[in-house]
Amino acid sequence: MRIATIAQIPIRLHWSFLALVVGYTAFSAWTTDLQTVGESLLMGLALFGSVVLHELGHAMAARYFGIRTRHITLFPFGGIAAIEQIPQNPTQEFVIAVAGPLVNGMLVLLFLPFALITGWWTLGLLAVLNAIMGLFNLIPAYPMDGGRVLRAMLSVPFGYIRASLAAMAIGRLFALLFVVGGVATWTPSLILIGAFLFVAIGVERRRLSYDIELQEAMTA
Ligand SMILES: [Zn+2]
């Protein structure tokens with residue numbers, strides 16, 4: 001579902017996101033008072049805005065290199081900027097991957113002083129959540145941002161294909177850690193992220209096999 005268009009990029013909501021918001025609102029309206037519901041919805045909206053800005057960071061960096069972004073889609077566990085093609089140029093991939101967490105860092109620098117001056121804890125919480133969002137995305141779990149940074153850096157000495165294989169192997173390890181950690185601490189969102197990483201790595205691995213075949217065909 002399209003909710004807005006920013007800088008010619010459609011911003012979409014995945015249906016599961018909507019289901020979660022409606023479900024959460026109904027559940028908390030039933031269990032707590034309306035003011036608490038209003039406050040947490042406002043917090044949710046601010047967080048949601050931070051995710052959109054994070055994804056726009058990737059999209060704007062991609063645009064700088066002449067790469068279009070088809071859409072930004074928001075899922076309950078985060079957003080995805082559908083960039084038309086991930087560049088095999090390490091510098092470009094590095095800059096695009098880092099741009100998202102960099103936006104979170106800037107939001108922390110924006111919110112934190114205001115929180116300290118006004119003593120408004122909501123702003124402080126927003127700063128903390130942005131710091132977590134930025135740092136979590138920098139975990140080198142390919143295809144998360146940190147994993148792309150790792151692939152870009154490994155590409156310089158080892159070349160794109162070997163760097164990708166290494167980043168994917170590390171990514172699978174993290175995915176497993178997320179699922180096990182999620183089960184152990186009963187954190188469904190962590191299990192979901194782990195499962196999502198497994199699927200995403202599988203897709204990327206098949207695409208890479210095609211690249212390898214293509215390269216072999218060209219060098220044969
Ligand atoms: Zn990101």
# chains A, B, ... in the order shown; residues from 1 in each chain; ligands from 1
call {"tool": "residues_around", "arguments": {"residues": "region 3-16 of chain A", "least_positions_apart": "5", "cutoff": "12 Å", "atoms": "only C-alpha atoms", "output": "JSON list (two decimals) with N, CA and C atoms, in the first residue's frame"}}
result
[["chain", "number", "residue", "atom", "x", "y", "z"],
["A", 21, "VAL", "N", 0.06, -2.68, 13.56],
["A", 21, "VAL", "CA", -0.37, -1.41, 14.18],
["A", 21, "VAL", "C", -1.81, -1.52, 14.68],
["A", 22, "VAL", "N", -2.69, -2.05, 13.81],
["A", 22, "VAL", "CA", -4.10, -2.19, 14.18],
["A", 22, "VAL", "C", -4.24, -3.15, 15.37],
["A", 23, "GLY", "N", -3.53, -4.28, 15.29],
["A", 23, "GLY", "CA", -3.58, -5.28, 16.35],
["A", 23, "GLY", "C", -3.08, -4.73, 17.67],
["A", 24, "TYR", "N", -1.95, -4.01, 17.60],
["A", 24, "TYR", "CA", -1.36, -3.46, 18.81],
["A", 24, "TYR", "C", -2.29, -2.42, 19.44],
["A", 48, "PHE", "N", 8.90, 5.14, 13.06],
["A", 48, "PHE", "CA", 8.57, 4.88, 11.67],
["A", 48, "PHE", "C", 9.21, 5.94, 10.77],
["A", 49, "GLY", "N", 9.14, 7.22, 11.21],
["A", 49, "GLY", "CA", 9.77, 8.31, 10.47],
["A", 49, "GLY", "C", 11.29, 8.11, 10.39],
["A", 51, "VAL", "N", 12.87, 5.25, 10.41],
["A", 51, "VAL", "CA", 13.14, 4.16, 9.46],
["A", 51, "VAL", "C", 13.07, 4.70, 8.03],
["A", 52, "VAL", "N", 12.04, 5.53, 7.76],
["A", 52, "VAL", "CA", 11.89, 6.11, 6.41],
["A", 52, "VAL", "C", 13.12, 6.95, 6.07],
["A", 53, "LEU", "N", 13.59, 7.76, 7.03],
["A", 53, "LEU", "CA", 14.77, 8.61, 6.79],
["A", 53, "LEU", "C", 16.02, 7.76, 6.56],
["A", 55, "GLU", "N", 16.11, 4.74, 5.25],
["A", 55, "GLU", "CA", 16.02, 4.18, 3.88],
["A", 55, "GLU", "C", 16.25, 5.27, 2.84],
["A", 56, "LEU", "N", 15.76, 6.48, 3.12],
["A", 56, "LEU", "CA", 15.99, 7.60, 2.18],
["A", 56, "LEU", "C", 17.49, 7.91, 2.09],
["A", 57, "GLY", "N", 18.20, 7.69, 3.19],
["A", 57, "GLY", "CA", 19.66, 7.87, 3.20],
["A", 57, "GLY", "C", 20.30, 6.97, 2.14],
["A", 58, "HIS", "N", 19.88, 5.66, 2.13],
["A", 58, "HIS", "CA", 20.39, 4.73, 1.12],
["A", 58, "HIS", "C", 20.00, 5.22, -0.28],
["A", 59, "ALA", "N", 18.74, 5.61, -0.42],
["A", 59, "ALA", "CA", 18.20, 5.98, -1.74],
["A", 59, "ALA", "C", 18.91, 7.21, -2.30],
["A", 60, "MET", "N", 19.18, 8.20, -1.42],
["A", 60, "MET", "CA", 19.83, 9.42, -1.89],
["A", 60, "MET", "C", 21.30, 9.15, -2.27],
["A", 63, "ARG", "N", 21.20, 7.52, -5.56],
["A", 63, "ARG", "CA", 20.90, 8.51, -6.60],
["A", 63, "ARG", "C", 22.15, 9.31, -6.97],
["A", 68, "ARG", "N", 18.64, 4.37, -9.51],
["A", 68, "ARG", "CA", 17.29, 4.69, -9.08],
["A", 68, "ARG", "C", 16.82, 3.75, -7.97],
["A", 69, "THR", "N", 15.88, 4.24, -7.14],
["A", 69, "THR", "CA", 15.26, 3.40, -6.12],
["A", 69, "THR", "C", 13.80, 3.22, -6.53],
["A", 70, "ARG", "N", 13.37, 1.96, -6.73],
["A", 70, "ARG", "CA", 12.01, 1.70, -7.20],
["A", 70, "ARG", "C", 10.97, 2.04, -6.15],
["A", 71, "HIS", "N", 11.23, 1.67, -4.91],
["A", 71, "HIS", "CA", 10.31, 1.99, -3.82],
["A", 71, "HIS", "C", 10.99, 1.75, -2.49],
["A", 72, "ILE", "N", 10.40, 2.33, -1.44],
["A", 72, "ILE", "CA", 10.84, 2.03, -0.07],
["A", 72, "ILE", "C", 9.65, 1.34, 0.58],
["A", 73, "THR", "N", 9.87, 0.13, 1.11],
["A", 73, "THR", "CA", 8.77, -0.60, 1.74],
["A", 73, "THR", "C", 9.08, -0.82, 3.21],
["A", 74, "LEU", "N", 8.06, -0.59, 4.05],
["A", 74, "LEU", "CA", 8.25, -0.73, 5.49],
["A", 74, "LEU", "C", 7.59, -2.00, 6.00],
["A", 75, "PHE", "N", 8.40, -2.81, 6.68],
["A", 75, "PHE", "CA", 7.93, -4.03, 7.33],
["A", 75, "PHE", "C", 7.95, -3.78, 8.83],
["A", 76, "PRO", "N", 7.27, -4.65, 9.63],
["A", 76, "PRO", "CA", 7.28, -4.42, 11.08],
["A", 76, "PRO", "C", 8.69, -4.39, 11.67],
["A", 77, "PHE", "N", 9.64, -5.14, 11.07],
["A", 77, "PHE", "CA", 10.98, -5.21, 11.65],
["A", 77, "PHE", "C", 11.96, -4.25, 10.98],
["A", 78, "GLY", "N", 11.49, -3.39, 10.10],
["A", 78, "GLY", "CA", 12.38, -2.43, 9.47],
["A", 78, "GLY", "C", 11.96, -2.13, 8.04],
["A", 79, "GLY", "N", 12.79, -1.39, 7.34],
["A", 79, "GLY", "CA", 12.45, -1.00, 5.99],
["A", 79, "GLY", "C", 13.41, -1.57, 4.97],
["A", 80, "ILE", "N", 13.01, -1.47, 3.71],
["A", 80, "ILE", "CA", 13.87, -1.90, 2.62],
["A", 80, "ILE", "C", 13.80, -0.85, 1.52],
["A", 81, "ALA", "N", 14.95, -0.40, 1.05],
["A", 81, "ALA", "CA", 15.00, 0.49, -0.10],
["A", 81, "ALA", "C", 15.33, -0.39, -1.30],
["A", 82, "ALA", "N", 14.35, -0.53, -2.22],
["A", 82, "ALA", "CA", 14.57, -1.39, -3.39],
["A", 82, "ALA", "C", 15.37, -0.61, -4.42],
["A", 83, "ILE", "N", 16.69, -0.73, -4.30],
["A", 83, "ILE", "CA", 17.60, -0.04, -5.20],
["A", 83, "ILE", "C", 17.71, -0.86, -6.48],
["A", 84, "GLU", "N", 17.65, -0.16, -7.64],
["A", 84, "GLU", "CA", 17.56, -0.86, -8.91],
["A", 84, "GLU", "C", 18.69, -1.86, -9.11]]
call {"tool": "select_by_dssp", "arguments": {"residues": "region 52-157 of chain A", "states": "strand (DSSP E)", "output": "JSON, numbers by chain"}}
result
{"A": [69, 70, 71, 72, 73, 74, 75, 78, 79, 80, 81, 82, 83]}
call {"tool": "write_last_selection", "arguments": {"atoms": "C-alpha atoms", "output": "JSON list (two decimals), in the first residue's frame"}}
result
[["chain", "number", "residue", "atom", "x", "y", "z"],
["A", 69, "THR", "CA", 15.26, 3.40, -6.12],
["A", 70, "ARG", "CA", 12.01, 1.70, -7.20],
["A", 71, "HIS", "CA", 10.31, 1.99, -3.82],
["A", 72, "ILE", "CA", 10.84, 2.03, -0.07],
["A", 73, "THR", "CA", 8.77, -0.60, 1.74],
["A", 74, "LEU", "CA", 8.25, -0.73, 5.49],
["A", 75, "PHE", "CA", 7.93, -4.03, 7.33],
["A", 78, "GLY", "CA", 12.38, -2.43, 9.47],
["A", 79, "GLY", "CA", 12.45, -1.00, 5.99],
["A", 80, "ILE", "CA", 13.87, -1.90, 2.62],
["A", 81, "ALA", "CA", 15.00, 0.49, -0.10],
["A", 82, "ALA", "CA", 14.57, -1.39, -3.39],
["A", 83, "ILE", "CA", 17.60, -0.04, -5.20]]
call {"tool": "closest_residue", "arguments": {"among": "A:Asp211, A:Asn89, A:Ile170, A:Asn130", "to": "Leu109 (chain A)", "atoms": "only C-alpha atoms"}}
result
A:Asn130
call {"tool": "residues_around", "arguments": {"residues": "Ala200 (chain A)", "least_positions_apart": "5", "cutoff": "12 Å", "atoms": "only C-alpha atoms", "output": "ChimeraX atom specification"}}
result
/A:80,141-144,168,171-172,175,193-195,205-207
call {"tool": "residues_around", "arguments": {"residues": "region 35-42 of chain A", "least_positions_apart": "4", "cutoff": "10 Å", "atoms": "only C-alpha atoms", "output": "ChimeraX atom specification"}}
result
/A:21,24-31,46-48,122
